[in-house]
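Source file: query-v5.txt (compact mmCIF, C-alpha atoms)
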```txt
# COMPACT_ATOMS: atom_id res chain seq x y z
CA MET S 1 -12.85 26.47 4.27
CA ALA S 2 -15.44 23.79 5.12
CA GLU S 3 -18.89 23.17 3.74
CA PRO S 4 -21.63 20.72 4.72
CA ARG S 5 -21.16 17.12 3.66
CA THR S 6 -23.16 15.95 0.65
CA ARG S 7 -23.99 12.39 -0.41
CA GLU S 8 -23.10 13.15 -4.02
CA THR S 9 -19.49 14.04 -3.26
CA ASP S 10 -18.96 12.16 0.03
CA THR S 11 -16.97 15.11 1.37
CA ALA S 12 -17.00 16.59 4.85
CA PRO S 13 -15.01 19.03 6.99
CA VAL S 14 -11.60 17.64 7.94
CA ARG S 15 -11.73 15.41 11.03
CA PRO S 16 -10.11 16.81 14.19
CA GLY S 17 -6.45 15.86 14.28
CA GLU S 18 -6.23 15.14 10.54
CA ASP S 19 -5.50 18.63 9.22
CA LEU S 20 -2.22 19.15 7.37
CA ASP S 21 -0.17 22.35 7.19
CA TRP S 22 -2.54 23.81 4.63
CA PRO S 23 -0.75 27.16 4.06
CA ARG S 24 2.44 25.24 3.27
CA VAL S 25 0.55 22.78 1.03
CA GLU S 26 -1.12 25.64 -0.81
CA GLU S 27 2.19 27.45 -1.36
CA TYR S 28 3.84 24.28 -2.68
CA LEU S 29 1.01 23.41 -5.08
CA ARG S 30 0.76 26.91 -6.50
CA ALA S 31 4.50 26.76 -7.23
CA GLU S 32 4.43 23.28 -8.77
CA LEU S 33 1.13 23.68 -10.65
CA PRO S 34 1.17 27.36 -11.68
CA GLU S 35 -1.99 26.95 -13.73
CA LEU S 36 -3.97 26.75 -10.48
CA ASP S 37 -5.82 29.94 -9.62
CA GLY S 38 -8.49 31.11 -7.21
CA GLU S 39 -9.23 30.76 -3.51
CA PHE S 40 -7.84 27.67 -1.76
CA SER S 41 -10.15 25.42 0.30
CA VAL S 42 -10.11 21.89 1.72
CA LEU S 43 -12.61 19.13 2.50
CA GLN S 44 -12.01 15.50 3.40
CA PHE S 45 -13.28 12.25 1.95
CA PRO S 46 -14.12 10.69 5.33
CA ASN S 47 -15.32 7.21 4.40
CA GLY S 48 -11.94 5.59 3.74
CA SER S 49 -10.26 3.67 6.55
CA ALA S 50 -6.54 4.10 5.91
CA ASN S 51 -4.96 6.75 3.68
CA LEU S 52 -5.90 10.37 4.33
CA THR S 53 -7.71 11.69 1.27
CA TYR S 54 -8.72 15.31 0.78
CA GLN S 55 -10.56 17.33 -1.84
CA ILE S 56 -8.61 20.54 -2.38
CA ARG S 57 -9.92 23.43 -4.46
CA PHE S 58 -8.34 26.38 -6.18
CA GLY S 59 -11.36 28.41 -7.21
CA ASP S 60 -13.46 26.18 -9.47
CA THR S 61 -10.72 23.56 -9.90
CA ALA S 62 -11.02 20.52 -7.64
CA LEU S 63 -8.19 18.03 -7.08
CA VAL S 64 -7.55 15.09 -4.75
CA LEU S 65 -4.60 14.94 -2.34
CA ARG S 66 -3.65 11.60 -0.77
CA ARG S 67 -1.06 10.79 1.88
CA PRO S 68 -0.49 7.90 4.33
CA PRO S 69 -2.23 7.87 7.72
CA PHE S 70 -0.47 9.24 10.77
CA GLY S 71 1.43 6.91 13.07
CA LEU S 72 3.25 3.62 12.59
CA ILE S 73 3.04 2.31 9.02
CA ALA S 74 3.31 -1.40 8.14
CA PRO S 75 6.27 -2.25 5.87
CA GLY S 76 5.42 -1.62 2.22
CA ALA S 77 1.98 -0.18 3.00
CA HIS S 78 0.50 3.15 1.85
CA ASP S 79 3.01 3.54 -0.99
CA MET S 80 2.22 6.92 -2.52
CA GLY S 81 5.10 6.60 -4.98
CA ARG S 82 3.64 3.36 -6.31
CA GLU S 83 0.21 4.94 -6.63
CA TYR S 84 1.66 7.92 -8.48
CA LYS S 85 3.61 5.72 -10.88
CA THR S 86 0.49 3.67 -11.61
CA LEU S 87 -1.93 6.56 -12.07
CA SER S 88 0.46 8.74 -14.05
CA ARG S 89 0.53 6.02 -16.74
CA LEU S 90 -2.45 3.69 -16.48
CA TRP S 91 -5.10 6.26 -17.44
CA LYS S 92 -3.97 6.11 -21.06
CA ASN S 93 -4.97 2.44 -21.41
CA TYR S 94 -7.55 2.09 -18.63
CA PRO S 95 -9.83 5.15 -18.64
CA ARG S 96 -11.30 4.22 -15.26
CA ALA S 97 -7.97 5.17 -13.62
CA PRO S 98 -7.83 8.87 -12.61
CA ARG S 99 -4.71 10.67 -13.81
CA ALA S 100 -2.04 11.53 -11.23
CA LEU S 101 -0.62 15.02 -11.67
CA LEU S 102 2.09 15.45 -9.03
CA PHE S 103 4.14 13.50 -6.46
CA CYS S 104 5.94 15.10 -3.51
CA THR S 105 8.61 13.40 -1.36
CA ASP S 106 9.44 16.51 0.72
CA HIS S 107 7.96 15.67 4.12
CA VAL S 108 8.23 19.30 5.21
CA VAL S 109 5.18 20.06 3.04
CA ALA S 110 2.62 17.57 4.37
CA GLY S 111 4.48 15.35 6.83
CA ALA S 112 4.85 12.44 4.40
CA ASP S 113 4.95 11.59 0.71
CA PHE S 114 1.77 12.64 -1.05
CA LEU S 115 0.31 12.77 -4.52
CA VAL S 116 -2.25 14.94 -6.28
CA VAL S 117 -4.76 13.34 -8.63
CA GLU S 118 -7.48 14.69 -10.88
CA TYR S 119 -10.90 14.89 -9.21
CA ARG S 120 -13.83 13.14 -10.86
CA PRO S 121 -17.38 13.82 -9.71
CA GLY S 122 -19.65 10.82 -9.30
CA ILE S 123 -21.26 8.41 -6.85
CA VAL S 124 -19.72 5.72 -4.65
CA VAL S 125 -22.04 2.90 -3.58
CA TRP S 126 -21.99 2.42 0.19
CA ASP S 127 -24.92 1.16 2.25
CA SER S 128 -27.75 1.35 -0.28
CA VAL S 129 -28.52 1.76 -3.94
CA PRO S 130 -27.96 5.47 -4.69
CA ARG S 131 -31.13 7.53 -4.95
CA SER S 132 -30.41 8.37 -8.58
CA MET S 133 -30.43 4.63 -9.45
CA ALA S 134 -33.23 3.46 -7.16
CA ALA S 135 -35.90 3.49 -9.87
CA GLN S 136 -33.81 1.31 -12.20
CA PRO S 137 -34.79 -2.37 -12.36
CA ASP S 138 -32.25 -4.74 -10.73
CA ALA S 139 -29.98 -1.81 -9.92
CA GLY S 140 -28.02 -3.71 -7.27
CA ARG S 141 -27.33 -6.66 -9.54
CA ARG S 142 -26.25 -4.32 -12.34
CA ILE S 143 -23.91 -2.46 -9.97
CA GLY S 144 -22.26 -5.76 -9.04
CA LEU S 145 -21.84 -6.82 -12.66
CA ALA S 146 -20.37 -3.42 -13.56
CA VAL S 147 -17.81 -3.82 -10.78
CA ILE S 148 -16.70 -7.28 -11.96
CA ASP S 149 -16.51 -6.03 -15.55
CA ALA S 150 -14.24 -3.20 -14.45
CA LEU S 151 -11.98 -5.73 -12.73
CA ALA S 152 -11.85 -8.10 -15.71
CA ASP S 153 -11.05 -5.18 -18.03
CA LEU S 154 -8.16 -4.11 -15.79
CA HIS S 155 -6.65 -7.57 -16.03
CA ARG S 156 -6.76 -7.40 -19.83
CA VAL S 157 -4.60 -4.25 -19.94
CA ASP S 158 -1.16 -4.74 -21.49
CA ALA S 159 1.20 -3.57 -18.74
CA GLU S 160 4.09 -3.05 -21.14
CA ALA S 161 1.97 -0.92 -23.46
CA CYS S 162 1.23 1.62 -20.72
CA GLY S 163 4.73 1.69 -19.24
CA LEU S 164 4.02 -0.48 -16.21
CA GLY S 165 5.94 -3.60 -17.13
CA ASP S 166 8.25 -2.97 -14.17
CA LEU S 167 5.52 -2.29 -11.61
CA GLY S 168 6.21 -5.55 -9.78
CA ARG S 169 7.99 -8.91 -9.80
CA PRO S 170 5.55 -11.61 -10.95
CA GLU S 171 7.96 -14.47 -10.23
CA GLY S 172 7.17 -15.82 -6.76
CA PHE S 173 4.37 -13.27 -6.34
CA LEU S 174 1.94 -15.39 -4.33
CA GLU S 175 4.61 -16.72 -1.99
CA ARG S 176 5.85 -13.18 -1.22
CA GLN S 177 2.31 -11.89 -0.72
CA VAL S 178 1.35 -14.59 1.76
CA ARG S 179 4.67 -14.28 3.60
CA GLY S 180 4.28 -10.50 3.82
CA TRP S 181 0.73 -10.60 5.16
CA ARG S 182 1.69 -13.27 7.69
CA LYS S 183 4.43 -10.95 8.93
CA ARG S 184 2.00 -8.05 9.13
CA TRP S 185 -0.36 -10.18 11.18
CA GLU S 186 2.41 -10.93 13.66
CA LEU S 187 3.09 -7.21 14.04
CA ALA S 188 -0.56 -6.17 14.31
CA ALA S 189 -1.53 -8.98 16.70
CA VAL S 190 0.88 -7.78 19.41
CA ASP S 191 -2.16 -6.10 20.99
CA GLY S 192 -4.23 -9.30 20.72
CA GLY S 193 -6.01 -11.02 17.87
CA ASP S 194 -7.62 -14.31 16.87
CA PRO S 195 -4.95 -17.06 16.99
CA ALA S 196 -6.77 -18.88 14.18
CA ALA S 197 -5.56 -16.16 11.81
CA ALA S 198 -2.03 -17.55 12.08
CA GLU S 199 -3.41 -20.98 11.14
CA LEU S 200 -5.12 -19.49 8.09
CA GLY S 201 -1.87 -17.87 6.99
CA GLU S 202 0.00 -21.14 7.44
CA ARG S 203 -2.53 -23.12 5.42
CA LEU S 204 -2.46 -20.57 2.61
CA ALA S 205 1.32 -20.82 2.47
CA SER S 206 1.22 -24.63 2.29
CA ALA S 207 -1.27 -24.76 -0.60
CA LEU S 208 -0.11 -22.07 -3.06
CA PRO S 209 -1.76 -22.50 -6.48
CA GLY S 210 0.16 -22.09 -9.69
CA SER S 211 -0.15 -18.61 -11.21
CA GLY S 212 -0.92 -17.92 -14.85
CA ALA S 213 0.23 -14.95 -16.89
CA PRO S 214 0.79 -11.81 -14.78
CA ALA S 215 -1.40 -8.74 -15.03
CA ILE S 216 -1.79 -5.35 -13.38
CA VAL S 217 -3.20 -6.03 -9.91
CA HIS S 218 -5.08 -3.34 -7.98
CA ASN S 219 -4.72 -5.24 -4.67
CA ASP S 220 -7.76 -3.77 -2.90
CA PHE S 221 -10.54 -4.04 -5.45
CA LYS S 222 -14.02 -3.60 -3.93
CA ILE S 223 -17.32 -1.86 -4.55
CA ASP S 224 -16.52 1.27 -2.55
CA ASN S 225 -13.32 1.79 -4.52
CA CYS S 226 -15.46 2.15 -7.65
CA GLN S 227 -17.35 5.23 -8.81
CA PHE S 228 -20.48 5.53 -10.95
CA SER S 229 -22.21 8.31 -12.83
CA PRO S 230 -25.52 9.30 -11.19
CA GLY S 231 -28.34 7.20 -12.60
CA ASP S 232 -26.12 4.68 -14.40
CA PRO S 233 -25.55 1.35 -12.58
CA ASP S 234 -24.05 -0.34 -15.63
CA GLU S 235 -20.62 1.28 -15.90
CA VAL S 236 -17.84 2.01 -13.41
CA ILE S 237 -16.32 5.34 -14.43
CA SER S 238 -13.44 5.48 -11.92
CA VAL S 239 -11.45 3.14 -9.69
CA PHE S 240 -9.64 4.56 -6.64
CA ASP S 241 -6.90 3.62 -4.12
CA TRP S 242 -3.97 2.27 -6.12
CA ASP S 243 -1.25 2.43 -3.46
CA MET S 244 -0.84 -1.37 -3.43
CA ALA S 245 -0.96 -1.83 -7.22
CA THR S 246 1.57 -4.23 -8.67
CA LEU S 247 2.24 -6.76 -11.41
CA GLY S 248 1.32 -10.29 -10.42
CA ASP S 249 -1.40 -12.93 -10.25
CA PRO S 250 -4.68 -11.19 -11.22
CA LEU S 251 -6.83 -13.68 -9.33
CA VAL S 252 -5.78 -12.10 -6.02
CA ASP S 253 -8.01 -9.18 -7.04
CA LEU S 254 -10.91 -11.56 -7.64
CA GLY S 255 -10.31 -13.18 -4.25
CA THR S 256 -10.18 -9.77 -2.56
CA LEU S 257 -13.47 -8.73 -4.14
CA LEU S 258 -15.11 -12.03 -3.17
CA ASN S 259 -14.06 -11.68 0.46
CA TYR S 260 -16.05 -8.44 0.60
CA TRP S 261 -19.08 -10.06 -1.08
CA PRO S 262 -22.10 -11.14 1.01
CA ASP S 263 -22.01 -14.88 1.70
CA PRO S 264 -25.00 -17.17 2.44
CA GLU S 265 -23.17 -18.74 5.41
CA PHE S 266 -21.24 -15.78 6.82
CA GLY S 267 -23.49 -12.90 5.73
CA ASP S 268 -21.77 -9.53 5.46
CA ALA S 269 -18.51 -10.79 6.93
CA GLY S 270 -15.89 -8.52 5.43
CA ALA S 271 -14.31 -5.12 5.79
CA LEU S 272 -17.62 -3.61 4.69
CA VAL S 273 -19.62 -5.62 7.24
CA SER S 274 -21.13 -2.50 8.80
CA LEU S 275 -22.62 -1.46 5.45
CA GLY S 276 -24.77 -4.55 4.99
CA LEU S 277 -24.05 -5.20 1.32
CA SER S 278 -26.52 -8.09 1.34
CA LYS S 279 -29.26 -5.42 1.20
CA LEU S 280 -28.13 -4.19 -2.22
CA GLY S 281 -29.42 -7.11 -4.28
CA LEU S 282 -25.97 -7.93 -5.66
CA PRO S 283 -25.42 -10.90 -7.98
CA SER S 284 -24.40 -14.16 -6.36
CA ARG S 285 -20.79 -15.18 -5.86
CA GLU S 286 -21.24 -17.86 -8.52
CA GLU S 287 -22.56 -15.38 -11.09
CA LEU S 288 -19.72 -13.02 -10.28
CA VAL S 289 -17.05 -15.68 -10.83
CA GLU S 290 -18.69 -16.89 -14.05
CA ARG S 291 -18.92 -13.34 -15.41
CA TYR S 292 -15.27 -12.65 -14.57
CA ALA S 293 -14.07 -15.87 -16.22
CA ALA S 294 -16.00 -15.14 -19.40
CA ARG S 295 -14.84 -11.53 -19.71
CA SER S 296 -11.21 -12.05 -18.66
CA GLY S 297 -10.64 -15.43 -20.29
CA LEU S 298 -8.80 -16.65 -17.18
CA ASP S 299 -8.99 -20.04 -15.45
CA VAL S 300 -10.73 -19.61 -12.08
CA GLY S 301 -10.48 -23.22 -10.88
CA ASP S 302 -8.58 -22.25 -7.71
CA VAL S 303 -10.94 -19.42 -6.79
CA ASP S 304 -11.56 -20.79 -3.27
CA TRP S 305 -7.88 -20.38 -2.35
CA TYR S 306 -7.89 -16.81 -3.64
CA GLU S 307 -11.00 -15.94 -1.64
CA ALA S 308 -9.40 -17.43 1.49
CA TYR S 309 -6.34 -15.28 0.80
CA GLY S 310 -8.61 -12.24 0.45
CA CYS S 311 -10.20 -13.02 3.83
CA PHE S 312 -6.77 -13.30 5.46
CA LYS S 313 -5.50 -10.07 3.96
CA THR S 314 -8.61 -8.16 5.00
CA ALA S 315 -8.44 -9.61 8.51
CA VAL S 316 -4.86 -8.35 8.81
CA ILE S 317 -5.84 -4.88 7.58
CA LEU S 318 -8.69 -4.68 10.09
CA GLN S 319 -6.35 -5.74 12.88
CA GLN S 320 -3.86 -3.06 11.80
CA LEU S 321 -6.56 -0.39 11.86
CA TYR S 322 -7.71 -1.50 15.31
CA ALA S 323 -4.13 -1.53 16.60
CA ARG S 324 -3.63 2.01 15.29
CA TYR S 325 -6.72 3.10 17.25
CA LEU S 326 -5.43 1.44 20.42
CA ARG S 327 -2.12 3.29 20.05
CA GLY S 328 -3.96 6.61 19.78
CA GLU S 329 -2.74 7.24 16.23
CA THR S 330 -6.21 8.05 14.86
CA THR S 331 -9.21 9.99 16.15
CA ASP S 332 -11.56 8.06 13.86
CA GLU S 333 -13.95 6.28 16.23
CA ARG S 334 -14.93 3.79 13.50
CA MET S 335 -11.57 2.10 14.03
CA ALA S 336 -12.56 1.05 17.57
CA SER S 337 -14.77 -1.73 16.18
CA ARG S 338 -12.59 -2.86 13.26
CA GLY S 339 -11.17 -5.76 15.26
CA ASP S 340 -14.67 -7.15 15.89
CA HIS S 341 -14.89 -8.67 12.42
CA VAL S 342 -11.52 -10.42 12.27
CA SER S 343 -12.62 -13.77 13.68
CA THR S 344 -15.55 -14.17 11.29
CA LEU S 345 -13.31 -13.40 8.34
CA VAL S 346 -10.77 -15.95 9.54
CA ARG S 347 -13.48 -18.63 9.85
CA ARG S 348 -14.73 -17.77 6.37
CA GLY S 349 -11.20 -18.08 4.96
CA LEU S 350 -10.63 -21.44 6.66
CA SER S 351 -13.95 -22.72 5.33
CA ARG S 352 -12.90 -21.92 1.76
CA LEU S 353 -9.79 -24.07 2.23
CA GLY S 354 -11.98 -26.99 3.28
```
Hey, can you dump this file as structure tokens for me?
Amino acid sequence: MAEPRTRETDTAPVRPGEDLDWPRVEEYLRAELPELDGEFSVLQFPNGSANLTYQIRFGDTALVLRRPPFGLIAPGAHDMGREYKTLSRLWKNYPRAPRALLFCTDHVVAGADFLVVEYRPGIVVWDSVPRSMAAQPDAGRRIGLAVIDALADLHRVDAEACGLGDLGRPEGFLERQVRGWRKRWELAAVDGGDPAAAELGERLASALPGSGAPAIVHNDFKIDNCQFSPGDPDEVISVFDWDMATLGDPLVDLGTLLNYWPDPEFGDAGALVSLGLSKLGLPSREELVERYAARSGLDVGDVDWYEAYGCFKTAVILQQLYARYLRGETTDERMASRGDHVSTLVRRGLSRLG
């Protein structure tokens, strides 16, 4: 059932403790998708930090199965139904979105809601420029510009035209988002946490900017949620992880992306800190913002607030992952160090608010 991990596919044998009831899953999928044929096998995409994501095969046909992580789930998080709704419709107007094929709410099958999505081969950029792009001039800068172009193009999609006009409630969006993440911090910080994070949340709430026209928001847009074709650093071919997608202020996506971006003062302070993105040769924050503004046509005058919000949200997510490790709800040893980066992110967020 398992095969050695390869860099091209980023797959590996399933981690201990993260297997599902595969015979039951296989039986269910063969019944619901009768076109599937051939021997059933499973690998895992091990690089993600939250949702459990598997590559399942029926003979030569590869698919992706996603379900929430085991253990206590934060309110509103890991919404597989939301991801299915988004990906079953968005692909028609945004080709970078993989098409969702099936959604299951019967927890007897896999222990939780799950969805099945088409599998697309390609390369995800992690800790270095992929070998197939290494000979290209300015590959890192081109990768960064391709990522920001993919984000700007998402925000130009007409939500009504692809059946996603009811994906969220744009009115009061920022206020609800900040309130929700402040609540999540309170829950995750029961096992400790930087008290300055609460100050950051309070300052964000007291200085909400005015939102422009709503757009489809990915809500966790970053380099490692984008996929490239081997050898081509100029075009993102797929965007992953849509379980927090909604309709709201598009600049929260820009702020999220910026919080992951290397910073001259704080270095690689973000959820991807261990990857050292500063080594990639990415474009500067200023070039990124300018490129986004030109391609999207949106006013980015309040970008510092949105980056501070991105830092706060990421700090909360890291604290949640660390708390899950402390409770013994994951066997992923990477989660043991997730809390180490919270304080730097909080300081970075506070600095953006002046």
Coordinates-based distance that separates atom CA of Tyr322 of chain S from atom CA of Val108 of chain S (Å, one decimal):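 Going from atom CA of Val108 of chain S over to atom CA of Tyr322 of chain S covers 28.1 Å.
Interatomic distance, atom CA of Gly140 of chain S to atom CA of Asp127 of chain S: 11.1 Å.
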Point (-2.9, 1.2, -3.7), cut-off 12 Å, counting all atoms listed in the file, residues as a PyMOL selection string: chain S and resi 50-51+66-68+76-87+97+216-221+225+239-246
Atom CA of Tyr54 of chain S to atom CA of Tyr94 of chain S, distance in Å rounded to a single decimal: 23.5 Å
Residue nearest Val116 of chain S among S:Gly349, S:Pro98, S:Gly172, S:Gly354 (counting all atoms listed in the file): S:Pro98
Contacts of Pro233 of chain S within 7 Å, all atoms listed in the file, excl. fewer than 5 positions in-chain, as a list in words: Met133, Ala139, Arg142, Ile143 and Phe228 of chain S
Using only C-alpha atoms: which of S:Glu118, S:Asp149, S:Asp10, S:Asp138 has the shortest distance to Glu290 of chain S: S:Asp149
Expected answer as a list in words: all residues with atoms within 10 Å of (-17.0, 9.7, -12.1), only C-alpha atoms: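 Checking each residue against the 10 Å limit leaves Arg96, Pro98, Tyr119, Arg120, Pro121, Gly122, Ile123, Val124, Cys226, Gln227, Phe228, Ser229, Pro230, Glu235, Val236, Ile237, Ser238 and Val239 of chain S.
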Selection: 12 Å around Lys92 of chain S, all atoms listed in the file, excl. self and same-chain fewer than 3 positions, as an NGL selection string: :S and (86-89 or 95-100 or 157-159 or 161-164)
Contact residues around segment 21-29 of chain S with only C-alpha atoms at 12 Å, ignoring same-chain residues under 5 positions, as a PyMOL selection string: chain S and resi 1+14+34-43+54+56-58+63-65+101-112+114-116
Nearest residue to Pro262 of chain S from the set S:Asp340, S:Ala323, S:Gly276, S:Asp332 (distances using all atoms listed in the file):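 Checking each of S:Asp340, S:Ala323, S:Gly276, S:Asp332 against Pro262 of chain S, counting all atoms listed in the file, the winner is S:Gly276.
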Residue with smallest distance to Ala197 of chain S - pool S:Val342, S:Gly267, S:Asp166, S:Leu145, counting all atoms listed in the file: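 Among the listed residues, the smallest separation from Ala197 of chain S belongs to S:Val342.
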Nearest to Arg156 of chain S by atom-to-atom distance, counting only C-alpha atoms, from S:Gly144, S:Pro250, S:Gly328, S:Gly71: S:Pro250
